[in-house]
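Asker: Sharing start_28.pdb below, PDB, C-alpha atoms:
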ATOM      1  CA  ARG A   1     -39.238 -22.113 -33.122
ATOM      2  CA  VAL A   2     -41.658 -23.197 -35.830
ATOM      3  CA  HIS A   3     -39.170 -22.362 -38.527
ATOM      4  CA  GLY A   4     -36.434 -24.243 -36.724
ATOM      5  CA  GLU A   5     -38.611 -27.335 -36.441
ATOM      6  CA  TYR A   6     -39.653 -27.105 -40.083
ATOM      7  CA  ILE A   7     -36.039 -26.960 -41.226
ATOM      8  CA  SER A   8     -34.769 -29.706 -38.933
ATOM      9  CA  LYS A   9     -37.603 -32.093 -39.826
ATOM     10  CA  ASN A  10     -36.991 -31.506 -43.531
ATOM     11  CA  ILE A  11     -33.296 -32.215 -43.067
ATOM     12  CA  GLN A  12     -34.173 -35.484 -41.314
ATOM     13  CA  LEU A  13     -36.590 -36.360 -44.102
ATOM     14  CA  TYR A  14     -33.866 -35.807 -46.681
ATOM     15  CA  SER A  15     -31.455 -38.117 -44.926
ATOM     16  CA  MET A  16     -34.184 -40.746 -44.540
ATOM     17  CA  ARG A  17     -35.074 -40.552 -48.212
ATOM     18  CA  ASN A  18     -31.564 -40.425 -49.586
ATOM     19  CA  GLY A  19     -29.609 -42.442 -47.097
ATOM     20  CA  TYR A  20     -27.011 -39.818 -46.266
ATOM     21  CA  GLU A  21     -26.849 -36.689 -44.180
ATOM     22  CA  LEU A  22     -26.693 -33.252 -45.661
ATOM     23  CA  SER A  23     -23.525 -31.184 -45.319
ATOM     24  CA  PRO A  24     -23.636 -27.872 -43.427
ATOM     25  CA  HIS A  25     -23.233 -26.062 -46.755
ATOM     26  CA  ALA A  26     -26.291 -27.797 -48.172
ATOM     27  CA  ILE A  27     -28.335 -27.208 -45.032
ATOM     28  CA  ALA A  28     -27.393 -23.528 -44.998
ATOM     29  CA  ASN A  29     -28.424 -23.098 -48.613
ATOM     30  CA  PHE A  30     -31.629 -25.082 -48.071
ATOM     31  CA  THR A  31     -32.550 -22.866 -45.132
ATOM     32  CA  ARG A  32     -31.690 -19.752 -47.103
ATOM     33  CA  ARG A  33     -33.832 -20.830 -50.043
ATOM     34  CA  ASN A  34     -36.688 -21.523 -47.671
ATOM     35  CA  MET A  35     -36.415 -18.069 -46.084
ATOM     36  CA  ALA A  36     -36.120 -16.357 -49.462
ATOM     37  CA  ASP A  37     -39.161 -18.182 -50.829
ATOM     38  CA  PHE A  38     -41.305 -17.268 -47.841
ATOM     39  CA  LEU A  39     -40.087 -13.663 -47.833
ATOM     40  CA  ARG A  40     -42.576 -12.619 -50.453
ATOM     41  CA  SER A  41     -45.415 -14.733 -49.186
ATOM     42  CA  ARG A  42     -48.082 -13.658 -46.720
ATOM     43  CA  THR A  43     -46.227 -15.437 -43.927
ATOM     44  CA  PRO A  44     -42.559 -14.480 -44.052
ATOM     45  CA  TYR A  45     -40.202 -15.797 -41.411
ATOM     46  CA  GLN A  46     -38.825 -13.118 -39.128
ATOM     47  CA  VAL A  47     -35.951 -15.252 -37.936
ATOM     48  CA  ASN A  48     -32.292 -14.309 -37.886
ATOM     49  CA  CYS A  49     -30.041 -17.356 -37.728
ATOM     50  CA  VAL A  50     -26.517 -18.374 -37.075
ATOM     51  CA  LEU A  51     -25.785 -21.813 -38.496
ATOM     52  CA  GLY A  52     -22.826 -23.957 -37.625
ATOM     53  CA  GLY A  53     -21.710 -27.439 -38.505
ATOM     54  CA  VAL A  54     -18.911 -29.797 -39.372
ATOM     55  CA  ASP A  55     -18.886 -31.595 -42.693
ATOM     56  CA  LYS A  56     -18.750 -35.329 -41.948
ATOM     57  CA  SER A  57     -16.605 -36.287 -44.910
ATOM     58  CA  SER A  58     -14.092 -33.459 -44.976
ATOM     59  CA  SER A  59     -14.226 -32.619 -41.229
ATOM     60  CA  ARG A  60     -14.272 -28.980 -42.183
ATOM     61  CA  PRO A  61     -16.187 -26.702 -39.832
ATOM     62  CA  ALA A  62     -18.368 -23.920 -41.152
ATOM     63  CA  VAL A  63     -20.279 -21.080 -39.569
ATOM     64  CA  TYR A  64     -22.950 -19.181 -41.458
ATOM     65  CA  TYR A  65     -24.756 -15.918 -40.887
ATOM     66  CA  LEU A  66     -28.309 -16.008 -42.225
ATOM     67  CA  ASP A  67     -30.622 -13.083 -41.692
ATOM     68  CA  TYR A  68     -34.417 -12.953 -41.945
ATOM     69  CA  LEU A  69     -34.267 -11.736 -45.553
ATOM     70  CA  GLY A  70     -32.214 -14.694 -46.652
ATOM     71  CA  CYS A  71     -28.758 -13.157 -46.918
ATOM     72  CA  LEU A  72     -26.325 -16.018 -46.398
ATOM     73  CA  SER A  73     -22.644 -15.604 -45.691
ATOM     74  CA  GLN A  74     -20.044 -18.104 -44.558
ATOM     75  CA  GLN A  75     -17.774 -16.526 -41.969
ATOM     76  CA  PRO A  76     -15.180 -17.510 -39.354
ATOM     77  CA  PHE A  77     -17.636 -16.297 -36.695
ATOM     78  CA  ALA A  78     -21.119 -14.827 -36.747
ATOM     79  CA  VAL A  79     -23.318 -12.819 -34.425
ATOM     80  CA  GLN A  80     -26.945 -11.795 -34.711
ATOM     81  CA  GLY A  81     -28.957  -9.259 -32.808
ATOM     82  CA  TYR A  82     -28.033  -6.244 -30.738
ATOM     83  CA  GLY A  83     -25.122  -8.138 -29.237
ATOM     84  CA  SER A  84     -23.372  -7.914 -32.599
ATOM     85  CA  ASN A  85     -22.550  -4.281 -31.869
ATOM     86  CA  PHE A  86     -20.347  -5.437 -28.991
ATOM     87  CA  LEU A  87     -19.213  -8.861 -30.059
ATOM     88  CA  TYR A  88     -17.959  -8.362 -33.601
ATOM     89  CA  GLY A  89     -15.171  -6.148 -32.318
ATOM     90  CA  LEU A  90     -14.233  -8.639 -29.619
ATOM     91  CA  LEU A  91     -14.254 -11.551 -32.043
ATOM     92  CA  ASP A  92     -12.269  -9.644 -34.662
ATOM     93  CA  ARG A  93      -9.616  -9.003 -32.059
ATOM     94  CA  HIS A  94      -9.306 -12.485 -30.556
ATOM     95  CA  HIS A  95     -10.313 -14.913 -33.276
ATOM     96  CA  ARG A  96      -7.650 -16.543 -35.490
ATOM     97  CA  ALA A  97      -8.018 -18.908 -38.400
ATOM     98  CA  ASP A  98      -6.280 -21.719 -36.480
ATOM     99  CA  ILE A  99      -7.945 -21.170 -33.116
ATOM    100  CA  THR A 100      -8.135 -24.317 -30.960
ATOM    101  CA  LYS A 101     -11.311 -25.659 -29.396
ATOM    102  CA  GLU A 102     -10.277 -24.586 -25.893
ATOM    103  CA  GLU A 103      -9.385 -21.083 -27.007
ATOM    104  CA  ALA A 104     -12.666 -20.852 -28.880
ATOM    105  CA  LEU A 105     -14.622 -21.801 -25.780
ATOM    106  CA  GLN A 106     -12.680 -19.245 -23.778
ATOM    107  CA  LEU A 107     -13.502 -16.669 -26.437
ATOM    108  CA  LEU A 108     -17.184 -17.549 -26.208
ATOM    109  CA  ASN A 109     -17.011 -17.125 -22.448
ATOM    110  CA  MET A 110     -15.410 -13.747 -22.999
ATOM    111  CA  CYS A 111     -18.312 -12.838 -25.282
ATOM    112  CA  MET A 112     -20.879 -13.884 -22.672
ATOM    113  CA  LYS A 113     -19.063 -11.872 -20.023
ATOM    114  CA  GLU A 114     -19.011  -8.856 -22.293
ATOM    115  CA  LEU A 115     -22.742  -9.126 -22.856
ATOM    116  CA  LYS A 116     -23.395  -9.435 -19.126
ATOM    117  CA  ILE A 117     -21.399  -6.290 -18.436
ATOM    118  CA  ARG A 118     -22.309  -4.070 -21.364
ATOM    119  CA  PHE A 119     -25.657  -5.408 -22.437
ATOM    120  CA  ALA A 120     -28.690  -5.864 -20.217
ATOM    121  CA  ILE A 121     -28.878  -9.660 -20.055
ATOM    122  CA  SER A 122     -28.701 -11.793 -16.962
TER     123      SER A 122
ATOM    124  CA  MET B   1     -33.590   3.977 -45.758
ATOM    125  CA  SER B   2     -34.048   2.541 -49.221
ATOM    126  CA  ILE B   3     -34.126  -1.185 -49.807
ATOM    127  CA  ASP B   4     -31.408  -0.731 -52.429
ATOM    128  CA  GLU B   5     -29.128   0.626 -49.748
ATOM    129  CA  TYR B   6     -29.750  -2.121 -47.198
ATOM    130  CA  ASN B   7     -26.656  -4.083 -48.164
ATOM    131  CA  GLY B   8     -24.618  -1.788 -50.408
ATOM    132  CA  SER B   9     -22.373  -2.637 -53.326
ATOM    133  CA  ALA B  10     -20.167  -1.223 -56.074
ATOM    134  CA  ILE B  11     -20.104  -2.883 -59.472
ATOM    135  CA  VAL B  12     -18.497  -1.830 -62.722
ATOM    136  CA  ALA B  13     -17.910  -3.472 -66.096
ATOM    137  CA  MET B  14     -15.705  -2.055 -68.844
ATOM    138  CA  THR B  15     -14.871  -3.019 -72.398
ATOM    139  CA  GLY B  16     -11.416  -3.127 -73.864
ATOM    140  CA  LYS B  17      -9.841  -4.379 -77.064
ATOM    141  CA  ASP B  18     -10.930  -8.036 -77.278
ATOM    142  CA  CYS B  19     -11.387  -8.173 -73.541
ATOM    143  CA  VAL B  20     -13.836  -7.101 -70.851
ATOM    144  CA  ALA B  21     -13.399  -6.548 -67.168
ATOM    145  CA  ILE B  22     -15.903  -6.731 -64.359
ATOM    146  CA  ALA B  23     -15.120  -5.565 -60.855
ATOM    147  CA  THR B  24     -16.965  -5.404 -57.547
ATOM    148  CA  ASP B  25     -16.348  -4.467 -53.968
ATOM    149  CA  THR B  26     -16.392  -7.230 -51.362
ATOM    150  CA  ARG B  27     -18.286  -5.755 -48.434
ATOM    151  CA  PHE B  28     -21.296  -7.567 -47.088
ATOM    152  CA  GLY B  29     -23.016  -5.246 -44.670
ATOM    153  CA  VAL B  30     -26.412  -4.771 -43.121
ATOM    154  CA  GLN B  31     -26.983  -1.029 -43.139
ATOM    155  CA  ARG B  32     -24.194   0.509 -41.079
ATOM    156  CA  THR B  33     -22.758  -2.791 -39.764
ATOM    157  CA  THR B  34     -20.191  -4.626 -41.863
ATOM    158  CA  ILE B  35     -20.711  -8.372 -41.504
ATOM    159  CA  THR B  36     -17.986  -9.743 -43.757
ATOM    160  CA  THR B  37     -15.333  -8.370 -46.094
ATOM    161  CA  ASP B  38     -14.813 -11.201 -48.556
ATOM    162  CA  PHE B  39     -18.215 -11.395 -50.162
ATOM    163  CA  GLU B  40     -18.309 -12.669 -53.749
ATOM    164  CA  ARG B  41     -20.671 -10.750 -55.983
ATOM    165  CA  VAL B  42     -19.490 -12.105 -59.310
ATOM    166  CA  HIS B  43     -21.023 -15.336 -60.623
ATOM    167  CA  LYS B  44     -19.657 -17.334 -63.518
ATOM    168  CA  MET B  45     -22.315 -18.149 -66.083
ATOM    169  CA  GLY B  46     -20.117 -19.469 -68.867
ATOM    170  CA  PRO B  47     -16.430 -19.750 -69.822
ATOM    171  CA  THR B  48     -16.429 -16.105 -70.929
ATOM    172  CA  LEU B  49     -19.647 -14.834 -69.375
ATOM    173  CA  TYR B  50     -19.831 -13.347 -65.903
ATOM    174  CA  VAL B  51     -22.631 -11.664 -63.998
ATOM    175  CA  ALA B  52     -22.309  -9.458 -60.928
ATOM    176  CA  MET B  53     -25.337  -8.740 -58.777
ATOM    177  CA  SER B  54     -25.863  -5.527 -56.870
ATOM    178  CA  GLY B  55     -28.489  -4.555 -54.335
ATOM    179  CA  LEU B  56     -30.223  -6.738 -51.780
ATOM    180  CA  VAL B  57     -28.086  -9.814 -51.188
ATOM    181  CA  THR B  58     -30.931 -12.258 -50.748
ATOM    182  CA  ASP B  59     -32.367 -11.283 -54.136
ATOM    183  CA  ALA B  60     -28.859 -11.297 -55.640
ATOM    184  CA  TYR B  61     -28.523 -14.964 -54.639
ATOM    185  CA  THR B  62     -32.014 -15.842 -55.807
ATOM    186  CA  VAL B  63     -31.652 -14.140 -59.191
ATOM    187  CA  ALA B  64     -28.194 -15.617 -59.797
ATOM    188  CA  ALA B  65     -29.471 -19.109 -58.939
ATOM    189  CA  ARG B  66     -32.585 -18.766 -61.128
ATOM    190  CA  LEU B  67     -30.483 -17.381 -63.966
ATOM    191  CA  LYS B  68     -28.008 -20.241 -63.791
ATOM    192  CA  TYR B  69     -30.906 -22.678 -63.791
ATOM    193  CA  ARG B  70     -32.380 -21.162 -66.966
ATOM    194  CA  LEU B  71     -28.962 -20.913 -68.561
ATOM    195  CA  ASN B  72     -28.195 -24.563 -67.854
ATOM    196  CA  LEU B  73     -31.451 -25.644 -69.455
ATOM    197  CA  TYR B  74     -30.753 -23.423 -72.467
ATOM    198  CA  GLU B  75     -27.281 -24.873 -72.936
ATOM    199  CA  LEU B  76     -28.559 -28.425 -72.565
ATOM    200  CA  ARG B  77     -31.225 -27.867 -75.181
ATOM    201  CA  GLU B  78     -29.055 -25.863 -77.607
ATOM    202  CA  ASN B  79     -25.841 -27.769 -76.960
ATOM    203  CA  ARG B  80     -23.724 -24.620 -77.212
ATOM    204  CA  PRO B  81     -22.600 -21.772 -74.946
ATOM    205  CA  VAL B  82     -25.060 -18.897 -74.792
ATOM    206  CA  ASN B  83     -24.591 -15.693 -76.737
ATOM    207  CA  PRO B  84     -24.425 -12.649 -74.409
ATOM    208  CA  LYS B  85     -27.234 -10.865 -76.299
ATOM    209  CA  VAL B  86     -29.508 -13.845 -75.754
ATOM    210  CA  PHE B  87     -28.434 -13.982 -72.129
ATOM    211  CA  VAL B  88     -29.445 -10.350 -71.712
ATOM    212  CA  SER B  89     -32.919 -11.227 -72.984
ATOM    213  CA  MET B  90     -33.006 -14.094 -70.506
ATOM    214  CA  VAL B  91     -32.118 -11.793 -67.620
ATOM    215  CA  SER B  92     -34.603  -9.195 -68.756
ATOM    216  CA  ASN B  93     -37.379 -11.770 -68.954
ATOM    217  CA  LEU B  94     -36.567 -13.175 -65.519
ATOM    218  CA  LEU B  95     -36.682  -9.747 -63.889
ATOM    219  CA  TYR B  96     -39.805  -8.549 -65.707
ATOM    220  CA  GLU B  97     -41.706 -11.616 -64.507
ATOM    221  CA  ARG B  98     -41.654  -9.862 -61.150
ATOM    222  CA  ARG B  99     -42.749  -6.509 -62.541
ATOM    223  CA  PHE B 100     -45.108  -5.705 -59.665
ATOM    224  CA  GLY B 101     -43.082  -7.247 -56.874
ATOM    225  CA  PRO B 102     -39.526  -6.919 -58.145
ATOM    226  CA  TYR B 103     -36.247  -8.417 -57.087
ATOM    227  CA  PHE B 104     -34.265  -5.638 -55.430
ATOM    228  CA  SER B 105     -31.121  -6.635 -57.170
ATOM    229  CA  THR B 106     -29.728  -5.633 -60.517
ATOM    230  CA  PRO B 107     -27.277  -7.670 -62.556
ATOM    231  CA  VAL B 108     -24.377  -6.411 -64.611
ATOM    232  CA  VAL B 109     -23.343  -8.748 -67.396
ATOM    233  CA  ALA B 110     -19.852  -8.863 -68.874
ATOM    234  CA  GLY B 111     -18.608 -11.314 -71.433
ATOM    235  CA  LEU B 112     -17.277 -12.093 -74.859
ATOM    236  CA  ASP B 113     -19.328 -13.400 -77.748
ATOM    237  CA  PRO B 114     -18.418 -17.103 -77.896
ATOM    238  CA  THR B 115     -17.997 -17.090 -81.693
ATOM    239  CA  SER B 116     -16.687 -13.647 -82.596
ATOM    240  CA  GLY B 117     -14.939 -12.796 -79.310
ATOM    241  CA  LYS B 118     -16.430  -9.304 -79.334
ATOM    242  CA  PRO B 119     -16.600  -7.663 -75.913
ATOM    243  CA  PHE B 120     -20.073  -7.276 -74.442
ATOM    244  CA  ILE B 121     -21.379  -5.542 -71.322
ATOM    245  CA  ALA B 122     -24.886  -4.776 -70.156
ATOM    246  CA  GLY B 123     -26.662  -3.294 -67.164
ATOM    247  CA  PHE B 124     -30.273  -3.480 -66.063
ATOM    248  CA  ASP B 125     -32.736  -1.867 -63.759
ATOM    249  CA  CYS B 126     -34.560  -4.001 -61.236
ATOM    250  CA  ILE B 127     -37.417  -4.789 -63.617
ATOM    251  CA  GLY B 128     -35.213  -5.864 -66.466
ATOM    252  CA  ASP B 129     -34.708  -2.911 -68.772
ATOM    253  CA  PRO B 130     -31.396  -3.746 -70.485
ATOM    254  CA  THR B 131     -28.751  -1.195 -71.343
ATOM    255  CA  ILE B 132     -26.128  -2.652 -73.617
ATOM    256  CA  GLY B 133     -23.035  -0.600 -72.920
ATOM    257  CA  THR B 134     -20.409   0.389 -75.420
ATOM    258  CA  ASP B 135     -17.865   1.661 -72.918
ATOM    259  CA  PHE B 136     -18.752   0.924 -69.308
ATOM    260  CA  VAL B 137     -21.658   0.007 -67.094
ATOM    261  CA  THR B 138     -21.910   0.786 -63.390
ATOM    262  CA  ASP B 139     -24.239  -0.260 -60.598
ATOM    263  CA  GLY B 140     -24.709  -0.391 -56.874
ATOM    264  CA  THR B 141     -24.858   2.255 -54.172
ATOM    265  CA  SER B 142     -21.667   3.756 -55.660
ATOM    266  CA  GLY B 143     -23.141   3.768 -59.164
ATOM    267  CA  GLU B 144     -22.993   7.504 -59.649
ATOM    268  CA  GLN B 145     -19.484   7.833 -58.254
ATOM    269  CA  LEU B 146     -18.382   5.036 -60.567
ATOM    270  CA  MET B 147     -19.916   6.766 -63.585
ATOM    271  CA  GLY B 148     -17.767   9.815 -62.987
ATOM    272  CA  MET B 149     -14.589   7.827 -62.384
ATOM    273  CA  CYS B 150     -15.111   5.622 -65.434
ATOM    274  CA  GLU B 151     -15.760   8.627 -67.634
ATOM    275  CA  ALA B 152     -12.386   9.979 -66.574
ATOM    276  CA  PHE B 153     -10.370   6.770 -66.957
ATOM    277  CA  TRP B 154     -11.947   4.922 -69.857
ATOM    278  CA  ARG B 155     -10.626   5.205 -73.410
ATOM    279  CA  PRO B 156     -11.517   3.117 -76.432
ATOM    280  CA  ASP B 157      -9.400   0.057 -77.263
ATOM    281  CA  LEU B 158      -7.662  -0.446 -73.955
ATOM    282  CA  ASN B 159      -5.475  -3.545 -73.837
ATOM    283  CA  LYS B 160      -5.925  -5.895 -70.921
ATOM    284  CA  ASP B 161      -3.367  -4.272 -68.630
ATOM    285  CA  GLU B 162      -4.603  -0.737 -69.311
ATOM    286  CA  LEU B 163      -8.152  -1.981 -68.820
ATOM    287  CA  PHE B 164      -7.209  -3.523 -65.488
ATOM    288  CA  GLU B 165      -5.683  -0.234 -64.329
ATOM    289  CA  ALA B 166      -8.636   1.811 -65.518
ATOM    290  CA  ILE B 167     -11.283  -0.363 -63.919
ATOM    291  CA  SER B 168      -9.348  -0.823 -60.685
ATOM    292  CA  GLN B 169      -8.721   2.871 -60.152
ATOM    293  CA  SER B 170     -12.322   3.710 -61.044
ATOM    294  CA  LEU B 171     -13.641   1.192 -58.532
ATOM    295  CA  LEU B 172     -11.248   1.938 -55.679
ATOM    296  CA  ASN B 173     -11.731   5.666 -55.788
ATOM    297  CA  ALA B 174     -15.491   5.532 -56.286
ATOM    298  CA  GLN B 175     -16.073   3.075 -53.446
ATOM    299  CA  ASP B 176     -14.011   5.248 -51.105
ATOM    300  CA  ARG B 177     -16.699   7.876 -51.466
ATOM    301  CA  ASP B 178     -19.443   5.474 -50.478
ATOM    302  CA  SER B 179     -19.764   4.240 -46.928
ATOM    303  CA  TYR B 180     -21.843   1.226 -47.939
ATOM    304  CA  ALA B 181     -19.315  -0.187 -50.395
ATOM    305  CA  GLY B 182     -15.653  -0.997 -50.150
ATOM    306  CA  TRP B 183     -13.606  -3.157 -47.769
ATOM    307  CA  GLY B 184     -11.833  -4.811 -50.688
ATOM    308  CA  ALA B 185     -12.243  -5.284 -54.411
ATOM    309  CA  GLN B 186     -12.148  -8.081 -56.970
ATOM    310  CA  VAL B 187     -11.476  -7.649 -60.679
ATOM    311  CA  TYR B 188     -12.109 -10.276 -63.344
ATOM    312  CA  ILE B 189     -10.361  -9.712 -66.678
ATOM    313  CA  ILE B 190     -12.070 -11.816 -69.329
ATOM    314  CA  GLU B 191     -10.217 -12.650 -72.503
ATOM    315  CA  LYS B 192     -10.922 -15.130 -75.282
ATOM    316  CA  ASP B 193      -8.793 -17.902 -73.843
ATOM    317  CA  LYS B 194      -8.494 -17.090 -70.156
ATOM    318  CA  VAL B 195     -10.038 -15.287 -67.238
ATOM    319  CA  THR B 196      -7.861 -13.652 -64.585
ATOM    320  CA  LYS B 197      -9.189 -12.815 -61.164
ATOM    321  CA  LYS B 198      -7.287 -10.183 -59.217
ATOM    322  CA  ILE B 199      -7.921  -9.157 -55.634
ATOM    323  CA  LEU B 200      -7.149  -5.543 -54.863
ATOM    324  CA  LYS B 201      -6.020  -3.970 -51.621
ATOM    325  CA  ALA B 202      -8.537  -1.339 -50.699
ATOM    326  CA  ARG B 203      -9.219   1.025 -47.825
ATOM    327  CA  LYS B 204     -10.609  -0.957 -44.936
ATOM    328  CA  ASP B 205     -13.327   1.390 -43.978
TER     329      ASP B 205
END
Once you've parsed the file, please lay out its structure as structure tokens.
Answerer:
Amino acid sequence: RVHGEYISKNIQLYSMRNGYELSPHAIANFTRRNMADFLRSRTPYQVNCVLGGVDKSSSRPAVYYLDYLGCLSQQPFAVQGYGSNFLYGLLDRHHRADITKEEALQLLNMCMKELKIRFAIS
Amino acid sequence: MSIDEYNGSAIVAMTGKDCVAIATDTRFGVQRTTITTDFERVHKMGPTLYVAMSGLVTDAYTVAARLKYRLNLYELRENRPVNPKVFVSMVSNLLYERRFGPYFSTPVVAGLDPTSGKPFIAGFDCIGDPTIGTDFVTDGTSGEQLMGMCEAFWRPDLNKDELFEAISQSLLNAQDRDSYAGWGAQVYIIEKDKVTKKILKARKD
């Protein structure tokens, strides 16, 4: 939570200082740099992230996988945690490059259902 | 589990007649799980100078970014493209700065001398010991497999098409013997006036 707040406040500060908002690509790289810098400090972040956003100017969506070491990868879909063992297969099967918003929401619901059945979450 | 095998990679660079090639696999995985299969390991440092990073991906990004930063400053000050030998010293210095807390990523450099056009390849260990190769340089979790394959396929003075075949076959067959590398391959053929990037079809496992 602390890391999330630190990142989001710094993003806000940037847009206040510079008068424009950062793109998802820039935010992802900023967060990655932050994680990588703290990795070898006495207080590394142990946070695995999934970042998502839409670039305001180009309207292009982007999803990023960012693990606690600072490995960043832009992907069509990303999962973190134990759920990834179940969900990557499901997403590989049903996701398409031109998936619509409704289909994507349905796919997310499918993922949640899968986790409820196969993984011990309520 | 070794930190060098956390992400996995296969990287090879080969010299030819007035050309060099550098090739990598495209798997980004976290131990046994494959996260993505289109991961770019090769970074362009100059019009005829490319670097591929193996090992831990976070350090690969950090080292590539720091290297580009130093290279940009060098080229601004000197007002000319960097010589690969000088670049190797730059890499070596950057890595040795972290001698007692190293980056777990090793670069492989491939390029042509900007003035003479002579092919140049180099490999390093994670603390910056440079090995300037005369024939080929390999790295990554499939490093040993690649050494064997390259030894079999490489000959002196390969032209660019023969070089492409040699490096591609070396990479594809070596990465098939390594579970942490594979899922695709990219080859960059670097010549004096152009650079060709080819994407190979590989075994998807």
Asker: To verify the selection step, state as number ranges by chain which residues the PyMOL selection byres ((chain A) within 10 of (chain B)) yields on this input.
Answerer: A: 32-33, 35-37, 39-40, 65-80, 84-85, 88
Asker: Using all atoms listed in the file, which protein or nucleic acid residues come within 7 Å of Ala62 of chain A? Drop anything in the same chain fewer than 6 positions from it, and give the result as a PDB file with C-alpha atoms, keeping the file's coordinate frame.
Answerer:
ATOM      1  CA  PRO A  24     -23.636 -27.872 -43.427  1.00  0.00           C
ATOM      2  CA  GLY A  52     -22.826 -23.957 -37.625  1.00  0.00           C
ATOM      3  CA  GLY A  53     -21.710 -27.439 -38.505  1.00  0.00           C
ATOM      4  CA  VAL A  54     -18.911 -29.797 -39.372  1.00  0.00           C
ATOM      5  CA  GLN A  74     -20.044 -18.104 -44.558  1.00  0.00           C
TER       6      GLN A  74
END
Asker: Please tell me which residues are no farther than 10 Å from (-9.6, 7.1, -66.5) in the file, counting only C-alpha atoms, and write them as an MDAnalysis selection string.
Answerer: chainID B and resid 148:155 162:163 165:170
Asker: I need the chosen residues saved as a CSV table (one decimal), in the coordinates of the input, with C-alpha atoms.
Answerer:
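Result went into selection.csv, see below:
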chain,number,residue,atom,x,y,z
B,148,GLY,CA,-17.8,9.8,-63.0
B,149,MET,CA,-14.6,7.8,-62.4
B,150,CYS,CA,-15.1,5.6,-65.4
B,151,GLU,CA,-15.8,8.6,-67.6
B,152,ALA,CA,-12.4,10.0,-66.6
B,153,PHE,CA,-10.4,6.8,-67.0
B,154,TRP,CA,-11.9,4.9,-69.9
B,155,ARG,CA,-10.6,5.2,-73.4
B,162,GLU,CA,-4.6,-0.7,-69.3
B,163,LEU,CA,-8.2,-2.0,-68.8
B,165,GLU,CA,-5.7,-0.2,-64.3
B,166,ALA,CA,-8.6,1.8,-65.5
B,167,ILE,CA,-11.3,-0.4,-63.9
B,168,SER,CA,-9.3,-0.8,-60.7
B,169,GLN,CA,-8.7,2.9,-60.2
B,170,SER,CA,-12.3,3.7,-61.0
Asker: Which residues are close to Arg70 of chain B, i.e. within 8 Å by all atoms listed in the file, leaving aside same-chain residues fewer than 4 positions away? Reply as a PyMOL selection string.
Answerer: chain B and resi 66+74+90
Asker: Just give me the residues with any atom within 9 Å of (-32.7, -27.2, -45.9), file coordinates, counting only C-alpha atoms, written as a list in words.
Answerer: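 Those residues lying close to the given coordinates are Ile7, Ser8, Asn10, Ile11, Tyr14, Leu22, Ala26, Ile27, Ala28, Asn29, Phe30, Thr31, Arg32, Arg33 and Asn34 of chain A.
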Asker: Looking at A:Glu114, A:Lys101, A:Leu108, A:His25, which one is nearest to Ser58 of chain A, with distances taken over all atoms listed in the file?
Answerer: A:His25
Asker: Pick out the residues sitting within 8 Å of Thr134 of chain B, and hand them over as a VMD selection string; count all atoms listed in the file, and ignore anything fewer than 2 positions along from it in its own chain.
Answerer: chain B and resid 15 120 to 121 132 136
Asker: Select, from B:Leu71, B:Leu94, B:Val82, B:Val109, the residue with the minimum atom-to-atom distance to Val42 of chain B, counting only C-alpha atoms.
Answerer: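 Closest candidate: B:Val109.
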Asker: Carefully work through the PyMOL selection byres ((chain A and resi 111) around 10) for this structure and note down the residues it includes, as JSON, numbers by chain.
Answerer: {"A": [83, 86, 87, 88, 90, 91, 105, 106, 107, 108, 109, 110, 112, 113, 114, 115, 116, 117]}
Asker: Measure the distance from atom CA of Ala21 of chain B to atom CA of Ile189 of chain B in Å and round it to one decimal.
Answerer: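 It comes out at 4.4 Å.
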Asker: So the first atom is atom CA of Thr48 of chain B and the second is atom CA of Gly133 of chain B; what is the distance between them in Å, to one decimal place?
Answerer: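 Going from atom CA of Thr48 of chain B over to atom CA of Gly133 of chain B, I get 17.0 Å.
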Asker: Please indicate the distance in Å from atom CA of Ala104 of chain A to atom CA of Ser59 of chain A, rounded to one decimal place.
Answerer: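 So the answer is 17.1 Å.
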Asker: Rebuild N, CA, C and O atoms on segment 60-65 of chain A, as an mmCIF file, in the frame of the given file?
Answerer:
data_model
loop_
_atom_site.group_PDB
_atom_site.id
_atom_site.type_symbol
_atom_site.label_atom_id
_atom_site.label_comp_id
_atom_site.auth_asym_id
_atom_site.auth_seq_id
_atom_site.Cartn_x
_atom_site.Cartn_y
_atom_site.Cartn_z
ATOM 1 N N ARG A 60 -14.500 -30.423 -42.195
ATOM 2 C CA ARG A 60 -14.272 -28.980 -42.183
ATOM 3 C C ARG A 60 -15.423 -28.286 -41.476
ATOM 4 O O ARG A 60 -16.582 -28.538 -41.806
ATOM 5 N N PRO A 61 -15.110 -27.410 -40.523
ATOM 6 C CA PRO A 61 -16.187 -26.702 -39.832
ATOM 7 C C PRO A 61 -16.634 -25.489 -40.653
ATOM 8 O O PRO A 61 -15.864 -24.959 -41.440
ATOM 9 N N ALA A 62 -17.876 -25.104 -40.453
ATOM 10 C CA ALA A 62 -18.368 -23.920 -41.152
ATOM 11 C C ALA A 62 -19.388 -23.217 -40.279
ATOM 12 O O ALA A 62 -20.198 -23.859 -39.612
ATOM 13 N N VAL A 63 -19.310 -21.895 -40.293
ATOM 14 C CA VAL A 63 -20.279 -21.080 -39.569
ATOM 15 C C VAL A 63 -20.920 -20.147 -40.584
ATOM 16 O O VAL A 63 -20.232 -19.593 -41.432
ATOM 17 N N TYR A 64 -22.234 -20.024 -40.503
ATOM 18 C CA TYR A 64 -22.950 -19.181 -41.458
ATOM 19 C C TYR A 64 -23.793 -18.149 -40.738
ATOM 20 O O TYR A 64 -24.381 -18.417 -39.702
ATOM 21 N N TYR A 65 -23.853 -16.978 -41.337
ATOM 22 C CA TYR A 65 -24.756 -15.918 -40.887
ATOM 23 C C TYR A 65 -25.921 -15.924 -41.855
ATOM 24 O O TYR A 65 -25.722 -15.884 -43.070
#
